[in-house]
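Reading through the structure tokens given below for one structure.
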Amino acid sequence: DKVNWALEKSGKYSTRSMYRWLSHRGIVNRRMMRIWKSKLPMKLKVFLWLVYNNKLQTSVELRKRNWKGNPLCGICGKLETADHIFFTCITARFTWACLKEALGWTRNPICLQEFLDNWVPLGCKQYSLKNFLMTIVLWGLCTSRNKRVMKGKFTRTPSDIIFKINALLQRWQKLLRKDDRGALEVMVSQIRGWVEEFQE
């Protein structure tokens with residue numbers, strides 16, 4: 001009899017094939033694979049992993065771990081889920097409405113799954129740019145929420161979140177490819193111009 005290693009086409013054992021077999025969980029998340037390979041800062045990659053796997057420390061998730069705090073949003077009094085923080089809270093709706101007006105979108109996103117399916121589907125045109133924009137907006141909304149909840153610091157005006165997002169876009173735009181960088185610069189100037197008009 002001859003022994004064959006079933007995890008390699010050659011039939012020979014390799015440590016690589018064994019590691020791949022041990023670490024594979026059965027489902028390959030192509031979206032996360034692209035994020036791990038992207039040039040985003042590691043903290044944003046981990047943040048997206050938490051968001052996509054519903055592991056973000058929202059009030060609702062913390063209550064599942066016997067946290068005794070209030071599960072309601074401090075601004076609008078609704079249950080604080082990830083979708084609430086990013087899409088249905090008043091500050092999130094204002095942020096997306098501003099971006100819609102500034103960038104000429106036809107509608108606002110309503111939840112994460114809808115956003116991923118219809119706004120940033122895998123393989124869409126300018127995927128890297130759209131994913132980058134979405135990541136920065138979600139990060140901006142999350143950090144402003146964390147300051148409010150953990151430090152008691154409320155933003156002075158809702159447009160402060162837009163300015164913060166715009167600053168983050170400018171700061172991290174060098175991580176994009178050259179052609180995406182040009183498109184992002186146009187977006188940044190459109191957002192800045194719209195906010196300046198809004199404040200007048």
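Identifiers in this document derive from the order of the structure tokens: chains are assigned A, B, ..., residues are numbered from 1 separately in each chain, and ligands are numbered from 1 in order of occurrence.
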
Mind the document's chain letters and residue numbers, and return as a short mmCIF file (atom, residue, chain, number, x, y, z; two decimals) with N, CA, C and O atoms, in the first residue's frame the residues of range 21-135 of chain A that DSSP labels alpha helix (DSSP H).
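Here's the written file states_26.cif:
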```cif
data_model
loop_
_atom_site.label_atom_id
_atom_site.label_comp_id
_atom_site.auth_asym_id
_atom_site.auth_seq_id
_atom_site.Cartn_x
_atom_site.Cartn_y
_atom_site.Cartn_z
N TRP A 21 -5.54 23.63 6.55
CA TRP A 21 -6.65 22.77 6.95
C TRP A 21 -7.06 23.06 8.39
O TRP A 21 -8.23 23.14 8.72
N LEU A 22 -6.09 23.25 9.29
CA LEU A 22 -6.39 23.51 10.70
C LEU A 22 -7.02 24.88 10.92
O LEU A 22 -7.88 25.04 11.78
N SER A 23 -6.60 25.88 10.15
CA SER A 23 -7.08 27.25 10.39
C SER A 23 -8.32 27.59 9.58
O SER A 23 -8.97 28.60 9.84
N ARG A 30 -14.75 36.58 1.48
CA ARG A 30 -13.95 37.27 0.47
C ARG A 30 -13.83 38.76 0.75
O ARG A 30 -12.81 39.38 0.46
N ARG A 31 -14.86 39.33 1.34
CA ARG A 31 -14.82 40.77 1.65
C ARG A 31 -13.72 41.04 2.69
O ARG A 31 -12.92 41.96 2.54
N MET A 32 -13.69 40.21 3.74
CA MET A 32 -12.67 40.42 4.77
C MET A 32 -11.28 40.08 4.24
O MET A 32 -10.30 40.73 4.62
N MET A 33 -11.17 39.11 3.35
CA MET A 33 -9.86 38.79 2.77
C MET A 33 -9.30 40.00 2.04
O MET A 33 -8.11 40.31 2.14
N ARG A 34 -10.18 40.72 1.32
CA ARG A 34 -9.72 41.92 0.60
C ARG A 34 -9.33 43.01 1.58
O ARG A 34 -8.38 43.76 1.34
N ILE A 35 -10.05 43.11 2.68
CA ILE A 35 -9.73 44.14 3.68
C ILE A 35 -8.39 43.83 4.34
O ILE A 35 -7.56 44.72 4.51
N TRP A 36 -8.16 42.56 4.71
CA TRP A 36 -6.88 42.21 5.34
C TRP A 36 -5.71 42.48 4.41
O TRP A 36 -4.62 42.82 4.87
N LYS A 37 -5.94 42.35 3.10
CA LYS A 37 -4.85 42.59 2.14
C LYS A 37 -4.72 44.07 1.75
O LYS A 37 -3.77 44.45 1.08
N MET A 42 -4.08 49.07 10.45
CA MET A 42 -4.54 47.86 11.13
C MET A 42 -5.75 48.14 12.02
O MET A 42 -6.66 47.32 12.11
N LYS A 43 -5.79 49.29 12.69
CA LYS A 43 -6.93 49.56 13.57
C LYS A 43 -8.24 49.63 12.79
O LYS A 43 -9.29 49.23 13.30
N LEU A 44 -8.17 50.09 11.53
CA LEU A 44 -9.39 50.13 10.71
C LEU A 44 -9.77 48.75 10.21
O LEU A 44 -10.95 48.43 10.09
N LYS A 45 -8.78 47.90 9.92
CA LYS A 45 -9.06 46.52 9.52
C LYS A 45 -9.75 45.77 10.66
O LYS A 45 -10.74 45.08 10.44
N VAL A 46 -9.23 45.92 11.87
CA VAL A 46 -9.82 45.25 13.03
C VAL A 46 -11.22 45.81 13.29
O VAL A 46 -12.16 45.06 13.57
N PHE A 47 -11.37 47.12 13.16
CA PHE A 47 -12.67 47.77 13.33
C PHE A 47 -13.70 47.18 12.35
O PHE A 47 -14.82 46.82 12.74
N LEU A 48 -13.32 47.04 11.08
CA LEU A 48 -14.25 46.47 10.09
C LEU A 48 -14.58 45.02 10.41
O LEU A 48 -15.71 44.58 10.23
N TRP A 49 -13.58 44.27 10.88
CA TRP A 49 -13.85 42.88 11.26
C TRP A 49 -14.90 42.85 12.37
O TRP A 49 -15.83 42.04 12.33
N LEU A 50 -14.76 43.73 13.36
CA LEU A 50 -15.74 43.80 14.46
C LEU A 50 -17.13 44.17 13.93
O LEU A 50 -18.13 43.58 14.33
N VAL A 51 -17.18 45.13 13.01
CA VAL A 51 -18.47 45.57 12.44
C VAL A 51 -19.12 44.43 11.66
O VAL A 51 -20.29 44.11 11.87
N TYR A 52 -18.36 43.79 10.75
CA TYR A 52 -18.93 42.74 9.90
C TYR A 52 -19.35 41.51 10.68
O TYR A 52 -20.26 40.79 10.27
N SER A 59 -24.31 48.92 23.03
CA SER A 59 -25.04 48.64 24.28
C SER A 59 -25.78 47.31 24.22
O SER A 59 -25.81 46.56 25.20
N VAL A 60 -26.39 47.01 23.08
CA VAL A 60 -27.15 45.76 22.93
C VAL A 60 -26.22 44.55 23.07
O VAL A 60 -26.55 43.58 23.76
N GLU A 61 -25.03 44.61 22.44
CA GLU A 61 -24.08 43.50 22.53
C GLU A 61 -23.54 43.36 23.95
O GLU A 61 -23.35 42.25 24.44
N LEU A 62 -23.28 44.49 24.61
CA LEU A 62 -22.76 44.44 25.99
C LEU A 62 -23.79 43.86 26.95
O LEU A 62 -23.43 43.17 27.91
N ARG A 63 -25.07 44.14 26.70
CA ARG A 63 -26.13 43.58 27.57
C ARG A 63 -26.15 42.05 27.50
O ARG A 63 -26.49 41.38 28.46
N LYS A 64 -25.79 41.49 26.35
CA LYS A 64 -25.72 40.04 26.21
C LYS A 64 -24.63 39.44 27.11
O LYS A 64 -24.66 38.27 27.42
N ALA A 82 -25.33 48.25 16.11
CA ALA A 82 -24.37 48.78 15.14
C ALA A 82 -25.10 49.52 14.02
O ALA A 82 -24.69 50.61 13.61
N ASP A 83 -26.20 48.94 13.53
CA ASP A 83 -26.98 49.62 12.48
C ASP A 83 -27.51 50.96 12.97
O ASP A 83 -27.59 51.93 12.22
N ILE A 90 -29.86 59.84 14.70
CA ILE A 90 -30.01 61.17 14.11
C ILE A 90 -28.69 61.67 13.53
O ILE A 90 -28.65 62.21 12.42
N THR A 91 -27.59 61.47 14.28
CA THR A 91 -26.30 61.95 13.79
C THR A 91 -25.86 61.19 12.54
O THR A 91 -25.30 61.78 11.61
N ALA A 92 -26.13 59.89 12.50
CA ALA A 92 -25.77 59.09 11.32
C ALA A 92 -26.62 59.51 10.12
O ALA A 92 -26.09 59.69 9.01
N ARG A 93 -27.91 59.70 10.33
CA ARG A 93 -28.78 60.12 9.22
C ARG A 93 -28.35 61.48 8.68
O ARG A 93 -28.36 61.71 7.47
N PHE A 94 -27.99 62.39 9.59
CA PHE A 94 -27.52 63.71 9.16
C PHE A 94 -26.24 63.57 8.33
O PHE A 94 -26.09 64.19 7.29
N THR A 95 -25.31 62.74 8.81
CA THR A 95 -24.03 62.54 8.11
C THR A 95 -24.25 62.00 6.71
O THR A 95 -23.70 62.52 5.73
N TRP A 96 -25.08 60.94 6.59
CA TRP A 96 -25.33 60.36 5.27
C TRP A 96 -26.08 61.34 4.37
O TRP A 96 -25.84 61.39 3.16
N ALA A 97 -26.99 62.12 4.95
CA ALA A 97 -27.73 63.12 4.14
C ALA A 97 -26.77 64.18 3.59
O ALA A 97 -26.89 64.60 2.43
N CYS A 98 -25.81 64.60 4.41
CA CYS A 98 -24.80 65.57 3.95
C CYS A 98 -23.97 65.00 2.81
O CYS A 98 -23.73 65.67 1.81
N LEU A 99 -23.53 63.75 2.99
CA LEU A 99 -22.73 63.11 1.95
C LEU A 99 -23.55 62.93 0.67
O LEU A 99 -23.04 63.10 -0.43
N LYS A 100 -24.82 62.59 0.84
CA LYS A 100 -25.71 62.43 -0.32
C LYS A 100 -25.79 63.74 -1.10
O LYS A 100 -25.66 63.76 -2.33
N GLU A 101 -26.00 64.85 -0.39
CA GLU A 101 -26.11 66.16 -1.05
C GLU A 101 -24.78 66.57 -1.67
O GLU A 101 -24.74 67.06 -2.80
N ALA A 102 -23.70 66.39 -0.92
CA ALA A 102 -22.38 66.83 -1.38
C ALA A 102 -21.90 66.03 -2.59
O ALA A 102 -21.28 66.59 -3.51
N LEU A 103 -22.18 64.72 -2.60
CA LEU A 103 -21.63 63.85 -3.65
C LEU A 103 -22.64 63.49 -4.74
O LEU A 103 -22.32 62.75 -5.66
N LEU A 112 -26.35 48.26 7.33
CA LEU A 112 -25.06 47.77 6.87
C LEU A 112 -25.20 46.75 5.75
O LEU A 112 -24.51 46.83 4.74
N GLN A 113 -26.10 45.79 5.90
CA GLN A 113 -26.24 44.75 4.87
C GLN A 113 -26.67 45.33 3.54
O GLN A 113 -26.13 44.99 2.49
N GLU A 114 -27.63 46.25 3.58
CA GLU A 114 -28.08 46.92 2.35
C GLU A 114 -26.94 47.72 1.73
O GLU A 114 -26.75 47.74 0.53
N PHE A 115 -26.15 48.36 2.60
CA PHE A 115 -25.03 49.16 2.12
C PHE A 115 -24.00 48.28 1.42
O PHE A 115 -23.53 48.60 0.33
N LEU A 116 -23.67 47.15 2.02
CA LEU A 116 -22.68 46.25 1.42
C LEU A 116 -23.20 45.62 0.14
O LEU A 116 -22.46 45.46 -0.83
N ASP A 117 -24.48 45.25 0.13
CA ASP A 117 -25.06 44.59 -1.05
C ASP A 117 -25.24 45.53 -2.23
O ASP A 117 -25.01 45.15 -3.38
N ASN A 118 -25.67 46.77 -1.96
CA ASN A 118 -26.05 47.67 -3.05
C ASN A 118 -25.07 48.81 -3.33
O ASN A 118 -25.04 49.34 -4.43
N TYR A 127 -14.23 49.74 -6.39
CA TYR A 127 -14.49 49.07 -5.11
C TYR A 127 -13.59 49.60 -3.99
O TYR A 127 -14.06 49.90 -2.90
N SER A 128 -12.30 49.73 -4.26
CA SER A 128 -11.36 50.18 -3.22
C SER A 128 -11.71 51.57 -2.71
O SER A 128 -11.69 51.82 -1.51
N LEU A 129 -12.06 52.47 -3.62
CA LEU A 129 -12.42 53.84 -3.24
C LEU A 129 -13.70 53.87 -2.42
O LEU A 129 -13.77 54.51 -1.36
N LYS A 130 -14.72 53.13 -2.87
CA LYS A 130 -16.00 53.10 -2.14
C LYS A 130 -15.84 52.47 -0.77
O LYS A 130 -16.40 52.94 0.22
N ASN A 131 -15.07 51.39 -0.70
CA ASN A 131 -14.83 50.72 0.57
C ASN A 131 -14.07 51.63 1.53
O ASN A 131 -14.36 51.69 2.72
N PHE A 132 -13.11 52.38 0.99
CA PHE A 132 -12.33 53.33 1.79
C PHE A 132 -13.24 54.41 2.35
O PHE A 132 -13.20 54.72 3.55
N LEU A 133 -14.09 54.99 1.50
CA LEU A 133 -15.02 56.03 1.94
C LEU A 133 -15.96 55.49 3.03
O LEU A 133 -16.14 56.12 4.08
N MET A 134 -16.53 54.30 2.79
CA MET A 134 -17.43 53.71 3.78
C MET A 134 -16.72 53.49 5.11
O MET A 134 -17.26 53.80 6.17
N THR A 135 -15.48 52.97 5.06
CA THR A 135 -14.73 52.69 6.29
C THR A 135 -14.51 53.97 7.09
O THR A 135 -14.72 53.99 8.31
#
```

Pick out the residues sitting within 12 Å of Ile165 in chain A, and hand them over as a compact mmCIF listing (two decimals) with N, CA and C atoms, in the first residue's frame; count only C-alpha atoms, and ignore anything fewer than 4 positions along from it in its own chain.
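Produced file part.txt, reproduced below:
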```
# COMPACT_ATOMS: atom_id res chain seq x y z
N THR A 95 -25.31 62.74 8.81
CA THR A 95 -24.03 62.54 8.11
C THR A 95 -24.25 62.00 6.71
N TRP A 96 -25.08 60.94 6.59
CA TRP A 96 -25.33 60.36 5.27
C TRP A 96 -26.08 61.34 4.37
N CYS A 98 -25.81 64.60 4.41
CA CYS A 98 -24.80 65.57 3.95
C CYS A 98 -23.97 65.00 2.81
N LEU A 99 -23.53 63.75 2.99
CA LEU A 99 -22.73 63.11 1.95
C LEU A 99 -23.55 62.93 0.67
N PHE A 132 -13.11 52.38 0.99
CA PHE A 132 -12.33 53.33 1.79
C PHE A 132 -13.24 54.41 2.35
N LEU A 133 -14.09 54.99 1.50
CA LEU A 133 -15.02 56.03 1.94
C LEU A 133 -15.96 55.49 3.03
N MET A 134 -16.53 54.30 2.79
CA MET A 134 -17.43 53.71 3.78
C MET A 134 -16.72 53.49 5.11
N THR A 135 -15.48 52.97 5.06
CA THR A 135 -14.73 52.69 6.29
C THR A 135 -14.51 53.97 7.09
N ILE A 136 -14.11 55.04 6.42
CA ILE A 136 -13.82 56.31 7.11
C ILE A 136 -15.10 56.89 7.71
N VAL A 137 -16.22 56.80 7.00
CA VAL A 137 -17.49 57.33 7.52
C VAL A 137 -17.90 56.53 8.76
N LEU A 138 -17.85 55.21 8.68
CA LEU A 138 -18.21 54.38 9.83
C LEU A 138 -17.28 54.65 11.02
N TRP A 139 -15.98 54.80 10.74
CA TRP A 139 -15.02 55.09 11.81
C TRP A 139 -15.32 56.45 12.46
N GLY A 140 -15.61 57.45 11.64
CA GLY A 140 -15.94 58.78 12.16
C GLY A 140 -17.18 58.76 13.05
N LEU A 141 -18.21 58.04 12.61
CA LEU A 141 -19.44 57.93 13.41
C LEU A 141 -19.18 57.18 14.71
N CYS A 142 -18.40 56.11 14.64
CA CYS A 142 -18.12 55.30 15.82
C CYS A 142 -17.28 56.06 16.85
N THR A 143 -16.25 56.76 16.39
CA THR A 143 -15.40 57.48 17.34
C THR A 143 -16.14 58.65 17.99
N SER A 144 -17.02 59.32 17.24
CA SER A 144 -17.79 60.41 17.86
C SER A 144 -18.80 59.84 18.86
N PRO A 158 -23.58 69.11 14.45
CA PRO A 158 -23.52 67.87 13.65
C PRO A 158 -22.50 67.94 12.51
N SER A 159 -22.27 69.15 12.00
CA SER A 159 -21.31 69.26 10.88
C SER A 159 -19.88 68.97 11.32
N ASP A 160 -19.60 68.97 12.64
CA ASP A 160 -18.26 68.62 13.12
C ASP A 160 -17.89 67.20 12.71
N ILE A 161 -18.88 66.30 12.68
CA ILE A 161 -18.61 64.92 12.25
C ILE A 161 -18.19 64.89 10.79
N LEU A 169 -10.33 61.44 5.64
CA LEU A 169 -10.19 61.09 4.22
C LEU A 169 -8.90 61.68 3.65
N GLN A 170 -8.64 62.94 3.99
CA GLN A 170 -7.42 63.59 3.50
C GLN A 170 -6.17 62.95 4.11
N ARG A 171 -6.24 62.62 5.40
CA ARG A 171 -5.09 62.06 6.10
C ARG A 171 -4.68 60.70 5.55
N TRP A 172 -5.68 59.86 5.25
CA TRP A 172 -5.38 58.49 4.83
C TRP A 172 -5.48 58.26 3.33
N GLN A 173 -5.70 59.32 2.54
CA GLN A 173 -5.89 59.12 1.10
C GLN A 173 -4.64 58.58 0.41
N MET A 187 -13.98 64.22 -4.28
CA MET A 187 -15.01 64.02 -3.25
C MET A 187 -14.77 64.91 -2.04
N VAL A 188 -13.51 64.96 -1.60
CA VAL A 188 -13.15 65.76 -0.42
C VAL A 188 -13.48 67.22 -0.65
N ILE A 191 -17.27 67.73 -0.58
CA ILE A 191 -17.79 67.68 0.79
C ILE A 191 -17.46 68.99 1.52
N ARG A 192 -16.20 69.45 1.39
CA ARG A 192 -15.79 70.68 2.07
C ARG A 192 -16.62 71.87 1.57
N VAL A 195 -20.21 71.70 2.96
CA VAL A 195 -20.30 72.03 4.39
C VAL A 195 -20.12 73.53 4.60
```

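Between CA of Lys39 in chain A and CA of Leu176 in chain A the separation is 7.5 Å.
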
Inset, instruction - Have a look at CA of Gly69 in chain A and CA of Lys147 in chain A and let me know their distance in Å, one decimal. - result: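 CA of Gly69 in chain A sits 16.4 Å away from CA of Lys147 in chain A.
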
Legend entry - d(CA of Ser17 in chain A, CA of Trp5 in chain A) in Å: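 Atom-to-atom, CA of Ser17 in chain A and CA of Trp5 in chain A are spaced 9.5 Å apart.
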
Legend entry - For Thr155 in chain A, the nearest of the candidates A:Ile110, A:Ile85, A:Ile75, A:Leu56, counting only C-alpha atoms: A:Ile75
